[in-house]
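Data from entry-v2.pdb: PDB, N, CA and C atoms
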ATOM      1  N   MET Z  12      -1.172 143.029  62.556  1.00  0.00           N
ATOM      2  CA  MET Z  12       0.124 142.688  63.104  1.00  0.00           C
ATOM      3  C   MET Z  12       1.166 143.622  62.484  1.00  0.00           C
ATOM      4  N   PRO Z  13       1.965 144.281  63.321  1.00  0.00           N
ATOM      5  CA  PRO Z  13       2.982 145.182  62.783  1.00  0.00           C
ATOM      6  C   PRO Z  13       4.082 144.416  62.047  1.00  0.00           C
ATOM      7  N   GLN Z  14       4.591 145.046  61.008  1.00  0.00           N
ATOM      8  CA  GLN Z  14       5.672 144.419  60.252  1.00  0.00           C
ATOM      9  C   GLN Z  14       6.993 144.667  60.952  1.00  0.00           C
ATOM     10  N   LYS Z  15       7.879 143.682  60.831  1.00  0.00           N
ATOM     11  CA  LYS Z  15       9.209 143.819  61.420  1.00  0.00           C
ATOM     12  C   LYS Z  15      10.185 144.291  60.356  1.00  0.00           C
ATOM     13  N   ASP Z  16      11.153 145.017  60.805  1.00  0.00           N
ATOM     14  CA  ASP Z  16      12.212 145.470  59.921  1.00  0.00           C
ATOM     15  C   ASP Z  16      13.097 144.275  59.581  1.00  0.00           C
ATOM     16  N   PRO Z  17      13.245 143.921  58.299  1.00  0.00           N
ATOM     17  CA  PRO Z  17      14.063 142.757  57.939  1.00  0.00           C
ATOM     18  C   PRO Z  17      15.541 142.920  58.298  1.00  0.00           C
ATOM     19  N   ASN Z  18      15.973 144.145  58.516  1.00  0.00           N
ATOM     20  CA  ASN Z  18      17.371 144.376  58.878  1.00  0.00           C
ATOM     21  C   ASN Z  18      17.597 144.347  60.386  1.00  0.00           C
ATOM     22  N   GLU Z  19      16.515 144.227  61.133  1.00  0.00           N
ATOM     23  CA  GLU Z  19      16.611 144.201  62.593  1.00  0.00           C
ATOM     24  C   GLU Z  19      17.172 142.855  63.055  1.00  0.00           C
ATOM     25  N   THR Z  20      18.111 142.893  63.968  1.00  0.00           N
ATOM     26  CA  THR Z  20      18.708 141.688  64.522  1.00  0.00           C
ATOM     27  C   THR Z  20      17.789 141.131  65.600  1.00  0.00           C
ATOM     28  N   PRO Z  21      17.530 139.828  65.581  1.00  0.00           N
ATOM     29  CA  PRO Z  21      16.688 139.245  66.629  1.00  0.00           C
ATOM     30  C   PRO Z  21      17.332 139.422  68.007  1.00  0.00           C
ATOM     31  N   ALA Z  22      16.507 139.394  69.009  1.00  0.00           N
ATOM     32  CA  ALA Z  22      17.001 139.532  70.380  1.00  0.00           C
ATOM     33  C   ALA Z  22      17.939 138.374  70.702  1.00  0.00           C
ATOM     34  N   SER Z  23      18.941 138.649  71.520  1.00  0.00           N
ATOM     35  CA  SER Z  23      19.931 137.616  71.861  1.00  0.00           C
ATOM     36  C   SER Z  23      19.303 136.437  72.593  1.00  0.00           C
ATOM     37  N   VAL Z  24      18.164 136.660  73.226  1.00  0.00           N
ATOM     38  CA  VAL Z  24      17.494 135.572  73.934  1.00  0.00           C
ATOM     39  C   VAL Z  24      17.083 134.457  72.964  1.00  0.00           C
ATOM     40  N   ILE Z  25      16.799 134.814  71.740  1.00  0.00           N
ATOM     41  CA  ILE Z  25      16.440 133.804  70.732  1.00  0.00           C
ATOM     42  C   ILE Z  25      17.625 132.891  70.458  1.00  0.00           C
ATOM     43  N   PHE Z  26      18.791 133.456  70.323  1.00  0.00           N
ATOM     44  CA  PHE Z  26      19.990 132.649  70.071  1.00  0.00           C
ATOM     45  C   PHE Z  26      20.268 131.711  71.247  1.00  0.00           C
ATOM     46  N   LYS Z  27      20.137 132.246  72.444  1.00  0.00           N
ATOM     47  CA  LYS Z  27      20.383 131.434  73.642  1.00  0.00           C
ATOM     48  C   LYS Z  27      19.344 130.328  73.782  1.00  0.00           C
ATOM     49  N   ALA Z  28      18.099 130.622  73.452  1.00  0.00           N
ATOM     50  CA  ALA Z  28      17.032 129.620  73.547  1.00  0.00           C
ATOM     51  C   ALA Z  28      17.251 128.489  72.543  1.00  0.00           C
ATOM     52  N   LEU Z  29      17.660 128.829  71.336  1.00  0.00           N
ATOM     53  CA  LEU Z  29      17.936 127.793  70.335  1.00  0.00           C
ATOM     54  C   LEU Z  29      19.117 126.928  70.751  1.00  0.00           C
ATOM     55  N   GLU Z  30      20.140 127.539  71.298  1.00  0.00           N
ATOM     56  CA  GLU Z  30      21.299 126.775  71.747  1.00  0.00           C
ATOM     57  C   GLU Z  30      20.905 125.830  72.889  1.00  0.00           C
ATOM     58  N   ALA Z  31      20.145 126.342  73.832  1.00  0.00           N
ATOM     59  CA  ALA Z  31      19.714 125.509  74.961  1.00  0.00           C
ATOM     60  C   ALA Z  31      18.829 124.358  74.486  1.00  0.00           C
ATOM     61  N   ALA Z  32      17.921 124.640  73.569  1.00  0.00           N
ATOM     62  CA  ALA Z  32      17.040 123.598  73.048  1.00  0.00           C
ATOM     63  C   ALA Z  32      17.834 122.540  72.293  1.00  0.00           C
ATOM     64  N   SER Z  33      18.832 122.973  71.535  1.00  0.00           N
ATOM     65  CA  SER Z  33      19.674 122.034  70.797  1.00  0.00           C
ATOM     66  C   SER Z  33      20.425 121.114  71.752  1.00  0.00           C
ATOM     67  N   LYS Z  34      20.973 121.693  72.804  1.00  0.00           N
ATOM     68  CA  LYS Z  34      21.715 120.881  73.784  1.00  0.00           C
ATOM     69  C   LYS Z  34      20.784 119.914  74.518  1.00  0.00           C
ATOM     70  N   GLN Z  35      19.594 120.391  74.882  1.00  0.00           N
ATOM     71  CA  GLN Z  35      18.639 119.540  75.592  1.00  0.00           C
ATOM     72  C   GLN Z  35      18.184 118.382  74.701  1.00  0.00           C
ATOM     73  N   LEU Z  36      17.871 118.675  73.458  1.00  0.00           N
ATOM     74  CA  LEU Z  36      17.436 117.616  72.549  1.00  0.00           C
ATOM     75  C   LEU Z  36      18.559 116.613  72.314  1.00  0.00           C
ATOM     76  N   ASN Z  37      19.791 117.087  72.239  1.00  0.00           N
ATOM     77  CA  ASN Z  37      20.919 116.183  72.066  1.00  0.00           C
ATOM     78  C   ASN Z  37      21.018 115.215  73.234  1.00  0.00           C
ATOM     79  N   GLU Z  38      20.845 115.718  74.448  1.00  0.00           N
ATOM     80  CA  GLU Z  38      20.881 114.854  75.634  1.00  0.00           C
ATOM     81  C   GLU Z  38      19.702 113.882  75.642  1.00  0.00           C
ATOM     82  N   GLU Z  39      18.524 114.381  75.278  1.00  0.00           N
ATOM     83  CA  GLU Z  39      17.347 113.514  75.232  1.00  0.00           C
ATOM     84  C   GLU Z  39      17.499 112.430  74.162  1.00  0.00           C
ATOM     85  N   ARG Z  40      18.162 112.783  73.067  1.00  0.00           N
ATOM     86  CA  ARG Z  40      18.402 111.790  72.019  1.00  0.00           C
ATOM     87  C   ARG Z  40      19.281 110.670  72.550  1.00  0.00           C
ATOM     88  N   LYS Z  41      20.292 111.033  73.320  1.00  0.00           N
ATOM     89  CA  LYS Z  41      21.198 110.018  73.865  1.00  0.00           C
ATOM     90  C   LYS Z  41      20.470 109.085  74.827  1.00  0.00           C
ATOM     91  N   THR Z  42      19.698 109.660  75.759  1.00  0.00           N
ATOM     92  CA  THR Z  42      18.984 108.817  76.718  1.00  0.00           C
ATOM     93  C   THR Z  42      17.855 108.055  76.039  1.00  0.00           C
ATOM     94  N   GLY Z  43      17.186 108.703  75.095  1.00  0.00           N
ATOM     95  CA  GLY Z  43      16.118 108.030  74.353  1.00  0.00           C
ATOM     96  C   GLY Z  43      16.658 106.882  73.530  1.00  0.00           C
ATOM     97  N   ARG Z  44      17.819 107.088  72.935  1.00  0.00           N
ATOM     98  CA  ARG Z  44      18.454 106.040  72.133  1.00  0.00           C
ATOM     99  C   ARG Z  44      18.761 104.824  73.000  1.00  0.00           C
ATOM    100  N   ALA Z  45      19.323 105.073  74.165  1.00  0.00           N
ATOM    101  CA  ALA Z  45      19.660 103.968  75.071  1.00  0.00           C
ATOM    102  C   ALA Z  45      18.405 103.196  75.477  1.00  0.00           C
ATOM    103  N   LYS Z  46      17.340 103.924  75.767  1.00  0.00           N
ATOM    104  CA  LYS Z  46      16.094 103.276  76.170  1.00  0.00           C
ATOM    105  C   LYS Z  46      15.498 102.461  75.017  1.00  0.00           C
ATOM    106  N   ILE Z  47      15.503 103.024  73.822  1.00  0.00           N
ATOM    107  CA  ILE Z  47      14.975 102.312  72.654  1.00  0.00           C
ATOM    108  C   ILE Z  47      15.770 101.040  72.399  1.00  0.00           C
ATOM    109  N   LEU Z  48      17.086 101.143  72.465  1.00  0.00           N
ATOM    110  CA  LEU Z  48      17.924  99.958  72.242  1.00  0.00           C
ATOM    111  C   LEU Z  48      17.696  98.896  73.314  1.00  0.00           C
ATOM    112  N   GLU Z  49      17.529  99.334  74.552  1.00  0.00           N
ATOM    113  CA  GLU Z  49      17.260  98.390  75.636  1.00  0.00           C
ATOM    114  C   GLU Z  49      15.920  97.694  75.424  1.00  0.00           C
ATOM    115  N   GLU Z  50      14.901  98.473  75.080  1.00  0.00           N
ATOM    116  CA  GLU Z  50      13.576  97.896  74.839  1.00  0.00           C
ATOM    117  C   GLU Z  50      13.596  96.925  73.659  1.00  0.00           C
ATOM    118  N   THR Z  51      14.387  97.233  72.655  1.00  0.00           N
ATOM    119  CA  THR Z  51      14.504  96.344  71.495  1.00  0.00           C
ATOM    120  C   THR Z  51      15.240  95.068  71.884  1.00  0.00           C
ATOM    121  N   ALA Z  52      16.322  95.203  72.651  1.00  0.00           N
ATOM    122  CA  ALA Z  52      17.086  94.034  73.086  1.00  0.00           C
ATOM    123  C   ALA Z  52      16.230  93.107  73.948  1.00  0.00           C
ATOM    124  N   LEU Z  53      15.344  93.691  74.746  1.00  0.00           N
ATOM    125  CA  LEU Z  53      14.457  92.885  75.589  1.00  0.00           C
ATOM    126  C   LEU Z  53      13.206  92.422  74.833  1.00  0.00           C
ATOM    127  N   GLN Z  54      13.178  92.715  73.559  1.00  0.00           N
ATOM    128  CA  GLN Z  54      12.090  92.340  72.647  1.00  0.00           C
ATOM    129  C   GLN Z  54      10.743  92.917  73.072  1.00  0.00           C
ATOM    130  N   ARG Z  55      10.770  94.102  73.644  1.00  0.00           N
ATOM    131  CA  ARG Z  55       9.541  94.809  74.009  1.00  0.00           C
ATOM    132  C   ARG Z  55       9.105  95.760  72.898  1.00  0.00           C
ATOM    133  N   THR Z  56      10.037  96.085  72.027  1.00  0.00           N
ATOM    134  CA  THR Z  56       9.767  96.993  70.917  1.00  0.00           C
ATOM    135  C   THR Z  56      10.190  96.319  69.619  1.00  0.00           C
ATOM    136  N   PRO Z  57       9.298  96.295  68.627  1.00  0.00           N
ATOM    137  CA  PRO Z  57       9.679  95.713  67.333  1.00  0.00           C
ATOM    138  C   PRO Z  57      10.821  96.511  66.692  1.00  0.00           C
ATOM    139  N   ILE Z  58      11.636  95.827  65.944  1.00  0.00           N
ATOM    140  CA  ILE Z  58      12.797  96.457  65.308  1.00  0.00           C
ATOM    141  C   ILE Z  58      12.374  97.604  64.399  1.00  0.00           C
ATOM    142  N   GLU Z  59      11.306  97.438  63.644  1.00  0.00           N
ATOM    143  CA  GLU Z  59      10.856  98.497  62.726  1.00  0.00           C
ATOM    144  C   GLU Z  59      10.462  99.759  63.501  1.00  0.00           C
ATOM    145  N   THR Z  60       9.789  99.567  64.629  1.00  0.00           N
ATOM    146  CA  THR Z  60       9.388 100.705  65.466  1.00  0.00           C
ATOM    147  C   THR Z  60      10.616 101.387  66.052  1.00  0.00           C
ATOM    148  N   ALA Z  61      11.561 100.600  66.509  1.00  0.00           N
ATOM    149  CA  ALA Z  61      12.793 101.151  67.079  1.00  0.00           C
ATOM    150  C   ALA Z  61      13.576 101.924  66.030  1.00  0.00           C
ATOM    151  N   ARG Z  62      13.666 101.377  64.845  1.00  0.00           N
ATOM    152  CA  ARG Z  62      14.404 102.053  63.769  1.00  0.00           C
ATOM    153  C   ARG Z  62      13.756 103.399  63.456  1.00  0.00           C
ATOM    154  N   ALA Z  63      12.435 103.414  63.348  1.00  0.00           N
ATOM    155  CA  ALA Z  63      11.727 104.663  63.056  1.00  0.00           C
ATOM    156  C   ALA Z  63      11.938 105.677  64.179  1.00  0.00           C
ATOM    157  N   ALA Z  64      11.890 105.222  65.418  1.00  0.00           N
ATOM    158  CA  ALA Z  64      12.097 106.125  66.556  1.00  0.00           C
ATOM    159  C   ALA Z  64      13.513 106.687  66.566  1.00  0.00           C
ATOM    160  N   LEU Z  65      14.494 105.843  66.286  1.00  0.00           N
ATOM    161  CA  LEU Z  65      15.889 106.304  66.256  1.00  0.00           C
ATOM    162  C   LEU Z  65      16.106 107.304  65.131  1.00  0.00           C
ATOM    163  N   GLU Z  66      15.519 107.044  63.977  1.00  0.00           N
ATOM    164  CA  GLU Z  66      15.659 107.973  62.852  1.00  0.00           C
ATOM    165  C   GLU Z  66      14.993 109.307  63.162  1.00  0.00           C
ATOM    166  N   THR Z  67      13.853 109.256  63.836  1.00  0.00           N
ATOM    167  CA  THR Z  67      13.154 110.485  64.204  1.00  0.00           C
ATOM    168  C   THR Z  67      13.977 111.298  65.197  1.00  0.00           C
ATOM    169  N   LEU Z  68      14.534 110.641  66.191  1.00  0.00           N
ATOM    170  CA  LEU Z  68      15.384 111.340  67.165  1.00  0.00           C
ATOM    171  C   LEU Z  68      16.591 111.976  66.480  1.00  0.00           C
ATOM    172  N   ALA Z  69      17.228 111.237  65.596  1.00  0.00           N
ATOM    173  CA  ALA Z  69      18.401 111.766  64.894  1.00  0.00           C
ATOM    174  C   ALA Z  69      18.017 112.947  64.008  1.00  0.00           C
ATOM    175  N   TRP Z  70      16.887 112.822  63.307  1.00  0.00           N
ATOM    176  CA  TRP Z  70      16.427 113.902  62.427  1.00  0.00           C
ATOM    177  C   TRP Z  70      16.145 115.166  63.247  1.00  0.00           C
ATOM    178  N   ALA Z  71      15.427 115.021  64.346  1.00  0.00           N
ATOM    179  CA  ALA Z  71      15.080 116.176  65.184  1.00  0.00           C
ATOM    180  C   ALA Z  71      16.338 116.837  65.745  1.00  0.00           C
ATOM    181  N   ASP Z  72      17.273 116.023  66.201  1.00  0.00           N
ATOM    182  CA  ASP Z  72      18.520 116.545  66.758  1.00  0.00           C
ATOM    183  C   ASP Z  72      19.291 117.334  65.705  1.00  0.00           C
ATOM    184  N   LEU Z  73      19.452 116.782  64.525  1.00  0.00           N
ATOM    185  CA  LEU Z  73      20.201 117.465  63.466  1.00  0.00           C
ATOM    186  C   LEU Z  73      19.480 118.720  62.981  1.00  0.00           C
ATOM    187  N   THR Z  74      18.166 118.648  62.894  1.00  0.00           N
ATOM    188  CA  THR Z  74      17.403 119.811  62.439  1.00  0.00           C
ATOM    189  C   THR Z  74      17.575 120.977  63.396  1.00  0.00           C
ATOM    190  N   LEU Z  75      17.432 120.703  64.676  1.00  0.00           N
ATOM    191  CA  LEU Z  75      17.580 121.767  65.663  1.00  0.00           C
ATOM    192  C   LEU Z  75      19.022 122.262  65.722  1.00  0.00           C
ATOM    193  N   TYR Z  76      19.974 121.359  65.604  1.00  0.00           N
ATOM    194  CA  TYR Z  76      21.378 121.757  65.616  1.00  0.00           C
ATOM    195  C   TYR Z  76      21.673 122.698  64.442  1.00  0.00           C
ATOM    196  N   HIS Z  77      21.206 122.332  63.252  1.00  0.00           N
ATOM    197  CA  HIS Z  77      21.480 123.172  62.084  1.00  0.00           C
ATOM    198  C   HIS Z  77      20.741 124.508  62.176  1.00  0.00           C
ATOM    199  N   SER Z  78      19.568 124.526  62.786  1.00  0.00           N
ATOM    200  CA  SER Z  78      18.858 125.791  63.006  1.00  0.00           C
ATOM    201  C   SER Z  78      19.669 126.677  63.939  1.00  0.00           C
ATOM    202  N   TRP Z  79      20.194 126.073  64.999  1.00  0.00           N
ATOM    203  CA  TRP Z  79      21.018 126.839  65.931  1.00  0.00           C
ATOM    204  C   TRP Z  79      22.271 127.364  65.239  1.00  0.00           C
ATOM    205  N   ARG Z  80      22.930 126.527  64.445  1.00  0.00           N
ATOM    206  CA  ARG Z  80      24.155 126.964  63.756  1.00  0.00           C
ATOM    207  C   ARG Z  80      23.853 128.110  62.799  1.00  0.00           C
ATOM    208  N   LEU Z  81      22.733 128.030  62.103  1.00  0.00           N
ATOM    209  CA  LEU Z  81      22.357 129.102  61.177  1.00  0.00           C
ATOM    210  C   LEU Z  81      22.124 130.404  61.938  1.00  0.00           C
ATOM    211  N   THR Z  82      21.376 130.348  63.018  1.00  0.00           N
ATOM    212  CA  THR Z  82      21.125 131.577  63.771  1.00  0.00           C
ATOM    213  C   THR Z  82      22.404 132.112  64.405  1.00  0.00           C
ATOM    214  N   GLU Z  83      23.285 131.210  64.820  1.00  0.00           N
ATOM    215  CA  GLU Z  83      24.566 131.651  65.384  1.00  0.00           C
ATOM    216  C   GLU Z  83      25.400 132.346  64.306  1.00  0.00           C
ATOM    217  N   SER Z  84      25.389 131.825  63.107  1.00  0.00           N
ATOM    218  CA  SER Z  84      26.103 132.466  61.995  1.00  0.00           C
ATOM    219  C   SER Z  84      25.517 133.846  61.701  1.00  0.00           C
ATOM    220  N   LEU Z  85      24.191 133.931  61.747  1.00  0.00           N
ATOM    221  CA  LEU Z  85      23.544 135.241  61.520  1.00  0.00           C
ATOM    222  C   LEU Z  85      23.885 136.221  62.636  1.00  0.00           C
ATOM    223  N   ARG Z  86      23.943 135.725  63.869  1.00  0.00           N
ATOM    224  CA  ARG Z  86      24.289 136.591  64.986  1.00  0.00           C
ATOM    225  C   ARG Z  86      25.707 137.124  64.818  1.00  0.00           C
ATOM    226  N   ILE Z  87      26.621 136.245  64.452  1.00  0.00           N
ATOM    227  CA  ILE Z  87      28.013 136.648  64.261  1.00  0.00           C
ATOM    228  C   ILE Z  87      28.125 137.644  63.109  1.00  0.00           C
ATOM    229  N   ALA Z  88      27.395 137.376  62.032  1.00  0.00           N
ATOM    230  CA  ALA Z  88      27.446 138.268  60.870  1.00  0.00           C
ATOM    231  C   ALA Z  88      26.880 139.641  61.198  1.00  0.00           C
ATOM    232  N   SER Z  89      25.915 139.687  62.109  1.00  0.00           N
ATOM    233  CA  SER Z  89      25.330 140.974  62.470  1.00  0.00           C
ATOM    234  C   SER Z  89      26.177 141.709  63.504  1.00  0.00           C
ATOM    235  N   ALA Z  90      27.225 141.049  64.003  1.00  0.00           N
ATOM    236  CA  ALA Z  90      28.167 141.622  64.979  1.00  0.00           C
ATOM    237  C   ALA Z  90      27.490 142.019  66.284  1.00  0.00           C
ATOM    238  N   LYS Z  91      26.552 141.155  66.740  1.00  0.00           N
ATOM    239  CA  LYS Z  91      25.885 141.424  68.021  1.00  0.00           C
ATOM    240  C   LYS Z  91      26.002 140.240  68.916  1.00  0.00           C
TER     241      LYS Z  91
END
Turn the structure described in the file into structure tokens.
Amino acid sequence: MPQKDPNETPASVIFKALEAASKQLNEERKTGRAKILEETALQRTPIETARAALETLAWADLTLYHSWRLTESLRIASAK
């Protein structure tokens, strides 16, 4: 596998893909949250399971958001 130049700026498509994924996951978190809460209110999902699912959705959303912010900062710093 060829080595990459550490000073090389990633392609702009990577930045756009991370931003799109972050936005999509944020929307899925909102709809998933509503569904989990509804299922819990109807007593179809145990509270412990719902709590774990909500925490997982929040963790995934924040992780992807912070990854996107980091890459956006790197893109800005590289002036591309």
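If all atoms listed in the file are the atoms counted, then among Z:Ala88, Z:Ala61, Z:Leu81, Z:Leu68 the closest residue to Glu39 of chain Z is Z:Leu68.
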As a list in words, please: the residues near Ala71 of chain Z (cut-off 10 Å, only C-alpha atoms, same-chain neighbours under 3 positions excluded).
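After dropping sequence-adjacent residues, the list is Ser33, Leu36, Asn37, Arg40, Leu65, Glu66, Thr67, Leu68, Thr74, Leu75, Tyr76 and His77 of chain Z.
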Which distance in Å separates atom CA of Glu83 of chain Z and atom CA of Ala22 of chain Z, to one decimal?
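Atom CA of Ala22 of chain Z lies 12.0 Å from atom CA of Glu83 of chain Z.
Interatomic distance, atom N of Ala64 of chain Z to atom CA of Thr82 of chain Z: 28.0 Å.
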For the helix (DSSP H, G or I) assignment from backbone DSSP, which residues of chain Z qualify? Please present them as number ranges by chain.
Z: 23-52, 58-88
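Closest approach to Ile87 of chain Z among Z:Thr60, Z:Glu19, Z:Phe26, Z:Ala32 is made by Z:Phe26 (distances from only C-alpha atoms).
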